[in-house]
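**Q** Structure file work-v6.pdb (PDB, C-alpha atoms) right here:
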```pdb
ATOM      1  CA  MET A   1      19.668  29.349 -76.314  1.00  0.00           C
ATOM      2  CA  PRO A   2      20.720  32.068 -73.966  1.00  0.00           C
ATOM      3  CA  ARG A   3      22.307  31.156 -70.723  1.00  0.00           C
ATOM      4  CA  LYS A   4      20.321  31.622 -67.614  1.00  0.00           C
ATOM      5  CA  ARG A   5      21.783  34.173 -65.393  1.00  0.00           C
ATOM      6  CA  PHE A   6      21.772  34.067 -61.657  1.00  0.00           C
ATOM      7  CA  GLN A   7      18.248  34.876 -60.690  1.00  0.00           C
ATOM      8  CA  GLU A   8      17.559  36.803 -57.554  1.00  0.00           C
ATOM      9  CA  PRO A   9      15.547  34.792 -55.041  1.00  0.00           C
ATOM     10  CA  GLN A  10      11.932  35.651 -54.770  1.00  0.00           C
ATOM     11  CA  PRO A  11      10.888  37.220 -51.491  1.00  0.00           C
ATOM     12  CA  LYS A  12       9.313  34.726 -49.077  1.00  0.00           C
ATOM     13  CA  THR A  13       5.602  34.873 -48.462  1.00  0.00           C
ATOM     14  CA  GLY A  14       3.960  34.704 -45.051  1.00  0.00           C
ATOM     15  CA  LEU A  15       3.085  31.057 -45.609  1.00  0.00           C
ATOM     16  CA  GLN A  16       6.723  30.164 -46.311  1.00  0.00           C
ATOM     17  CA  HIS A  17       7.843  31.997 -43.156  1.00  0.00           C
ATOM     18  CA  THR A  18       5.237  30.089 -41.176  1.00  0.00           C
ATOM     19  CA  GLN A  19       6.348  26.749 -42.620  1.00  0.00           C
ATOM     20  CA  ASP A  20       9.992  27.547 -41.837  1.00  0.00           C
ATOM     21  CA  PHE A  21       9.086  28.462 -38.266  1.00  0.00           C
ATOM     22  CA  LEU A  22       7.026  25.287 -37.777  1.00  0.00           C
ATOM     23  CA  ARG A  23       9.871  23.179 -39.212  1.00  0.00           C
ATOM     24  CA  LYS A  24      12.332  24.795 -36.750  1.00  0.00           C
ATOM     25  CA  ILE A  25      10.171  23.991 -33.743  1.00  0.00           C
ATOM     26  CA  GLY A  26       9.555  20.395 -34.862  1.00  0.00           C
ATOM     27  CA  LEU A  27       6.128  20.645 -36.476  1.00  0.00           C
ATOM     28  CA  GLY A  28       7.076  20.345 -40.134  1.00  0.00           C
ATOM     29  CA  LYS A  29       6.047  17.676 -42.645  1.00  0.00           C
ATOM     30  CA  GLU A  30       9.087  15.557 -41.818  1.00  0.00           C
ATOM     31  CA  ASN A  31       7.952  15.343 -38.162  1.00  0.00           C
ATOM     32  CA  TYR A  32       4.505  13.970 -39.002  1.00  0.00           C
ATOM     33  CA  TYR A  33       5.341  10.358 -38.094  1.00  0.00           C
ATOM     34  CA  PHE A  34       6.757  11.383 -34.712  1.00  0.00           C
ATOM     35  CA  TRP A  35       3.651  13.354 -33.744  1.00  0.00           C
ATOM     36  CA  LYS A  36       1.432  10.547 -35.014  1.00  0.00           C
ATOM     37  CA  GLN A  37       3.181   8.147 -32.636  1.00  0.00           C
ATOM     38  CA  ILE A  38       2.867  10.632 -29.757  1.00  0.00           C
ATOM     39  CA  GLY A  39      -0.855  10.950 -30.483  1.00  0.00           C
ATOM     40  CA  LYS A  40      -1.321   7.188 -30.475  1.00  0.00           C
ATOM     41  CA  ALA A  41       0.564   6.878 -27.199  1.00  0.00           C
ATOM     42  CA  LEU A  42      -1.569   9.584 -25.560  1.00  0.00           C
ATOM     43  CA  LEU A  43      -4.760   8.015 -26.867  1.00  0.00           C
ATOM     44  CA  CYS A  44      -3.810   4.585 -25.495  1.00  0.00           C
ATOM     45  CA  THR A  45      -2.718   6.042 -22.156  1.00  0.00           C
ATOM     46  CA  TYR A  46      -5.947   7.950 -21.663  1.00  0.00           C
ATOM     47  CA  ALA A  47      -7.977   4.911 -22.754  1.00  0.00           C
ATOM     48  CA  VAL A  48      -6.282   2.755 -20.113  1.00  0.00           C
ATOM     49  CA  ILE A  49      -6.694   5.423 -17.421  1.00  0.00           C
ATOM     50  CA  GLY A  50     -10.361   5.818 -18.362  1.00  0.00           C
ATOM     51  CA  ALA A  51     -10.947   2.069 -18.203  1.00  0.00           C
ATOM     52  CA  VAL A  52      -9.314   1.896 -14.766  1.00  0.00           C
ATOM     53  CA  TRP A  53     -11.406   4.839 -13.595  1.00  0.00           C
ATOM     54  CA  VAL A  54     -14.651   3.221 -14.798  1.00  0.00           C
ATOM     55  CA  TYR A  55     -13.599  -0.084 -13.231  1.00  0.00           C
ATOM     56  CA  ASN A  56     -12.888   1.705  -9.957  1.00  0.00           C
ATOM     57  CA  GLU A  57     -16.352   3.296  -9.975  1.00  0.00           C
ATOM     58  CA  THR A  58     -18.159   0.014 -10.623  1.00  0.00           C
ATOM     59  CA  SER A  59     -15.747  -2.527  -9.174  1.00  0.00           C
ATOM     60  CA  PRO A  60     -17.068  -5.139  -6.739  1.00  0.00           C
ATOM     61  CA  LEU A  61     -13.511  -5.562  -5.460  1.00  0.00           C
ATOM     62  CA  GLY A  62     -12.694  -2.037  -4.362  1.00  0.00           C
ATOM     63  CA  TRP A  63      -9.552  -0.229  -5.479  1.00  0.00           C
ATOM     64  CA  TRP A  64      -7.146  -2.942  -6.649  1.00  0.00           C
ATOM     65  CA  THR A  65      -8.021  -5.320  -3.840  1.00  0.00           C
ATOM     66  CA  LEU A  66      -8.050  -8.899  -4.963  1.00  0.00           C
ATOM     67  CA  LYS A  67      -8.667 -10.316  -1.511  1.00  0.00           C
ATOM     68  CA  PRO A  68     -12.248 -10.837  -0.302  1.00  0.00           C
ATOM     69  CA  LYS A  69     -13.809  -8.335   2.086  1.00  0.00           C
ATOM     70  CA  PRO A  70     -14.234  -9.392   5.719  1.00  0.00           C
ATOM     71  CA  LYS A  71     -17.690 -10.438   6.926  1.00  0.00           C
ATOM     72  CA  GLU A  72     -18.064  -7.380   9.170  1.00  0.00           C
ATOM     73  CA  GLU A  73     -17.309  -5.049   6.280  1.00  0.00           C
ATOM     74  CA  LEU A  74     -19.845  -6.776   4.049  1.00  0.00           C
ATOM     75  CA  GLU A  75     -22.518  -6.496   6.760  1.00  0.00           C
ATOM     76  CA  LEU A  76     -21.914  -2.753   7.169  1.00  0.00           C
ATOM     77  CA  ALA A  77     -21.457  -1.981   3.457  1.00  0.00           C
ATOM     78  CA  HIS A  78     -25.053  -0.814   3.048  1.00  0.00           C
ATOM     79  CA  LEU A  79     -24.332   2.066   5.443  1.00  0.00           C
ATOM     80  CA  TYR A  80     -21.684   3.506   3.127  1.00  0.00           C
ATOM     81  CA  GLU A  81     -23.269   2.954  -0.279  1.00  0.00           C
ATOM     82  CA  ARG A  82     -23.260   5.785  -2.780  1.00  0.00           C
ATOM     83  CA  ARG A  83     -26.504   7.747  -2.664  1.00  0.00           C
ATOM     84  CA  GLN A  84     -28.413   8.767  -5.774  1.00  0.00           C
ATOM     85  CA  PHE A  85     -29.727  12.308  -5.427  1.00  0.00           C
ATOM     86  CA  PRO A  86     -32.914  13.403  -7.205  1.00  0.00           C
ATOM     87  CA  TYR A  87     -32.841  15.915 -10.023  1.00  0.00           C
ATOM     88  CA  PRO A  88     -33.693  19.409  -8.726  1.00  0.00           C
ATOM     89  CA  GLY A  89     -37.295  20.243  -9.549  1.00  0.00           C
ATOM     90  CA  ASP A  90     -38.531  16.628  -9.649  1.00  0.00           C
ATOM     91  CA  GLU A  91     -41.046  16.824  -6.800  1.00  0.00           C
ATOM     92  CA  GLU A  92     -41.990  13.134  -6.764  1.00  0.00           C
ATOM     93  CA  ALA A  93     -38.362  11.966  -6.631  1.00  0.00           C
ATOM     94  CA  MET A  94     -37.606  14.577  -3.954  1.00  0.00           C
ATOM     95  CA  GLN A  95     -40.482  13.344  -1.752  1.00  0.00           C
ATOM     96  CA  GLU A  96     -39.281   9.751  -2.179  1.00  0.00           C
ATOM     97  CA  PHE A  97     -35.711  10.783  -1.345  1.00  0.00           C
ATOM     98  CA  ILE A  98     -36.826  12.537   1.846  1.00  0.00           C
ATOM     99  CA  ALA A  99     -39.002   9.542   2.810  1.00  0.00           C
ATOM    100  CA  ARG A 100     -35.987   7.216   2.508  1.00  0.00           C
ATOM    101  CA  GLY A 101     -33.899   9.333   4.873  1.00  0.00           C
ATOM    102  CA  GLY A 102     -32.859  12.272   2.749  1.00  0.00           C
ATOM    103  CA  MET A 103     -29.478  13.779   3.466  1.00  0.00           C
ATOM    104  CA  ILE A 104     -28.730  11.888   6.673  1.00  0.00           C
ATOM    105  CA  GLY A 105     -25.131  10.727   6.598  1.00  0.00           C
ATOM    106  CA  THR A 106     -24.498  11.431   2.942  1.00  0.00           C
ATOM    107  CA  THR A 107     -21.549  13.731   3.520  1.00  0.00           C
ATOM    108  CA  ILE A 108     -19.145  11.876   5.795  1.00  0.00           C
ATOM    109  CA  GLY A 109     -20.655   9.304   8.110  1.00  0.00           C
ATOM    110  CA  PRO A 110     -23.008   6.386   7.660  1.00  0.00           C
ATOM    111  CA  LYS A 111     -26.714   6.869   7.004  1.00  0.00           C
ATOM    112  CA  GLY A 112     -27.779   6.264  10.580  1.00  0.00           C
ATOM    113  CA  MET A 113     -25.797   9.140  12.102  1.00  0.00           C
ATOM    114  CA  VAL A 114     -26.797  12.761  11.796  1.00  0.00           C
ATOM    115  CA  GLU A 115     -23.710  14.850  11.267  1.00  0.00           C
ATOM    116  CA  GLY A 116     -23.699  17.917  13.483  1.00  0.00           C
ATOM    117  CA  ASP A 117     -22.920  21.291  12.028  1.00  0.00           C
ATOM    118  CA  LYS A 118     -19.772  21.889  14.033  1.00  0.00           C
ATOM    119  CA  ASP A 119     -17.056  24.231  13.016  1.00  0.00           C
ATOM    120  CA  GLU A 120     -13.415  24.316  14.087  1.00  0.00           C
ATOM    121  CA  SER A 121     -14.034  26.343  17.254  1.00  0.00           C
ATOM    122  CA  ASP A 122     -16.595  23.796  18.491  1.00  0.00           C
ATOM    123  CA  TYR A 123     -14.096  20.970  18.022  1.00  0.00           C
ATOM    124  CA  LYS A 124     -11.403  22.950  19.845  1.00  0.00           C
ATOM    125  CA  LYS A 125     -13.787  23.671  22.717  1.00  0.00           C
ATOM    126  CA  GLU A 126     -14.821  20.017  22.908  1.00  0.00           C
ATOM    127  CA  LEU A 127     -11.166  18.905  22.948  1.00  0.00           C
ATOM    128  CA  LYS A 128     -10.349  21.481  25.616  1.00  0.00           C
ATOM    129  CA  ASP A 129     -13.265  20.278  27.782  1.00  0.00           C
ATOM    130  CA  LYS A 130     -12.133  16.674  27.348  1.00  0.00           C
ATOM    131  CA  LYS A 131      -8.567  17.502  28.416  1.00  0.00           C
ATOM    132  CA  PHE A 132      -9.903  19.476  31.374  1.00  0.00           C
ATOM    133  CA  GLY A 133     -12.008  16.484  32.442  1.00  0.00           C
ATOM    134  CA  GLN A 134      -9.011  14.162  32.206  1.00  0.00           C
ATOM    135  CA  GLU A 135      -6.864  16.503  34.314  1.00  0.00           C
ATOM    136  CA  ALA A 136      -9.643  16.812  36.911  1.00  0.00           C
ATOM    137  CA  GLN A 137      -9.965  13.018  37.055  1.00  0.00           C
ATOM    138  CA  LYS A 138      -6.192  12.620  37.564  1.00  0.00           C
ATOM    139  CA  LEU A 139      -6.176  15.260  40.285  1.00  0.00           C
ATOM    140  CA  TRP A 140      -9.141  13.627  42.026  1.00  0.00           C
ATOM    141  CA  MET A 141      -7.493  10.185  41.972  1.00  0.00           C
ATOM    142  CA  ARG A 142      -4.234  11.618  43.343  1.00  0.00           C
ATOM    143  CA  MET A 143      -6.037  13.443  46.157  1.00  0.00           C
ATOM    144  CA  ARG A 144      -8.077  10.325  46.956  1.00  0.00           C
ATOM    145  CA  SER A 145      -4.993   8.128  47.158  1.00  0.00           C
ATOM    146  CA  GLU A 146      -3.261  10.697  49.450  1.00  0.00           C
ATOM    147  CA  VAL A 147      -6.257  10.794  51.807  1.00  0.00           C
ATOM    148  CA  ILE A 148      -6.439   6.994  51.887  1.00  0.00           C
ATOM    149  CA  ALA A 149      -2.694   6.818  52.649  1.00  0.00           C
ATOM    150  CA  GLU A 150      -3.055   9.343  55.517  1.00  0.00           C
ATOM    151  CA  LEU A 151      -6.028   7.479  56.984  1.00  0.00           C
ATOM    152  CA  GLN A 152      -4.138   4.182  56.780  1.00  0.00           C
ATOM    153  CA  GLU A 153      -1.165   5.784  58.564  1.00  0.00           C
ATOM    154  CA  LYS A 154      -3.500   6.854  61.393  1.00  0.00           C
ATOM    155  CA  GLY A 155      -4.785   3.307  61.676  1.00  0.00           C
ATOM    156  CA  PHE A 156      -8.148   3.444  59.953  1.00  0.00           C
ATOM    157  CA  ASP A 157      -9.036   0.460  57.788  1.00  0.00           C
ATOM    158  CA  VAL A 158      -9.765   1.879  54.323  1.00  0.00           C
ATOM    159  CA  GLU A 159      -9.686  -0.129  51.110  1.00  0.00           C
TER     160      GLU A 159
END
```
Starting from the coordinates I provided, produce the structure as structure tokens.

**A**
Amino acid sequence: MPRKRFQEPQPKTGLQHTQDFLRKIGLGKENYYFWKQIGKALLCTYAVIGAVWVYNETSPLGWWTLKPKPKEELELAHLYERRQFPYPGDEEAMQEFIARGGMIGTTIGPKGMVEGDKDESDYKKELKDKKFGQEAQKLWMRMRSEVIAELQEKGFDVE
């Protein structure tokens, strides 16, 4: 039987190059168990987060509060309940929604208050007017007390 000579290595195919590359970056066959464990951990983590999220949406306790709600909060809870909006195009549900109060208070405040369409400049103007009123009130009180002091110095009987 003739001896086998040193055989030249066969050139690598594209699949072998791909497998070598995947092995180098940690995605080869020998890393299967590791990635299986990572997958299980991610699945469990997302399952727990999803359960907490669903519990938060439907919880009678609120977000992680294990103490009972105060009486005042329970009495006013109906003002802040989550509103169910009708499907667009359902005329009957839309009429019922409008009859119940429609969009009043669904964005920020309770149902009973109509939220004004104010922008930032309106709030700034309102704050400026309020500060101006406070300054005018202080000035008026100071002037009043000075006049009363002068009248008392002259001998008039003023409060």

**Q** To one decimal place in Å, what is the distance between atom CA of Gln84 of chain A and atom CA of Glu96 of chain A?

**A**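 Result for atom CA of Gln84 of chain A versus atom CA of Glu96 of chain A: 11.5 Å, one decimal.
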
**Q** Atom CA of Phe21 of chain A and atom CA of Tyr33 of chain A are how many Å apart?

**A**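 Separation of atom CA of Phe21 of chain A and atom CA of Tyr33 of chain A: 18.5 Å.
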
**Q** Could you give me the axis-aligned bounding box of segment 128-136 of chain A, with 5 Å of padding per side, as centre plus edge lengths in Å to one decimal, as lines of an AutoDock Vina configuration file?

**A**
```
center_x = -10.1
center_y = 17.8
center_z = 31.3
size_x = 16.4
size_y = 17.3
size_z = 21.3
```

**Q** So that I can see what lies close to Val158 of chain A, please list as a list of chain:residue names the residues with an atom at most 8 Å from it, counting all atoms listed in the file and leaving out residues fewer than 5 positions away in the same chain.

**A** A:Ile148, A:Leu151, A:Gln152

**Q** Between atom CA of Tyr87 of chain A and atom CA of Arg100 of chain A, what is the distance in Å, rounded to a tenth?

**A**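 Pair atom CA of Tyr87 of chain A / atom CA of Arg100 of chain A returns 15.6 Å.
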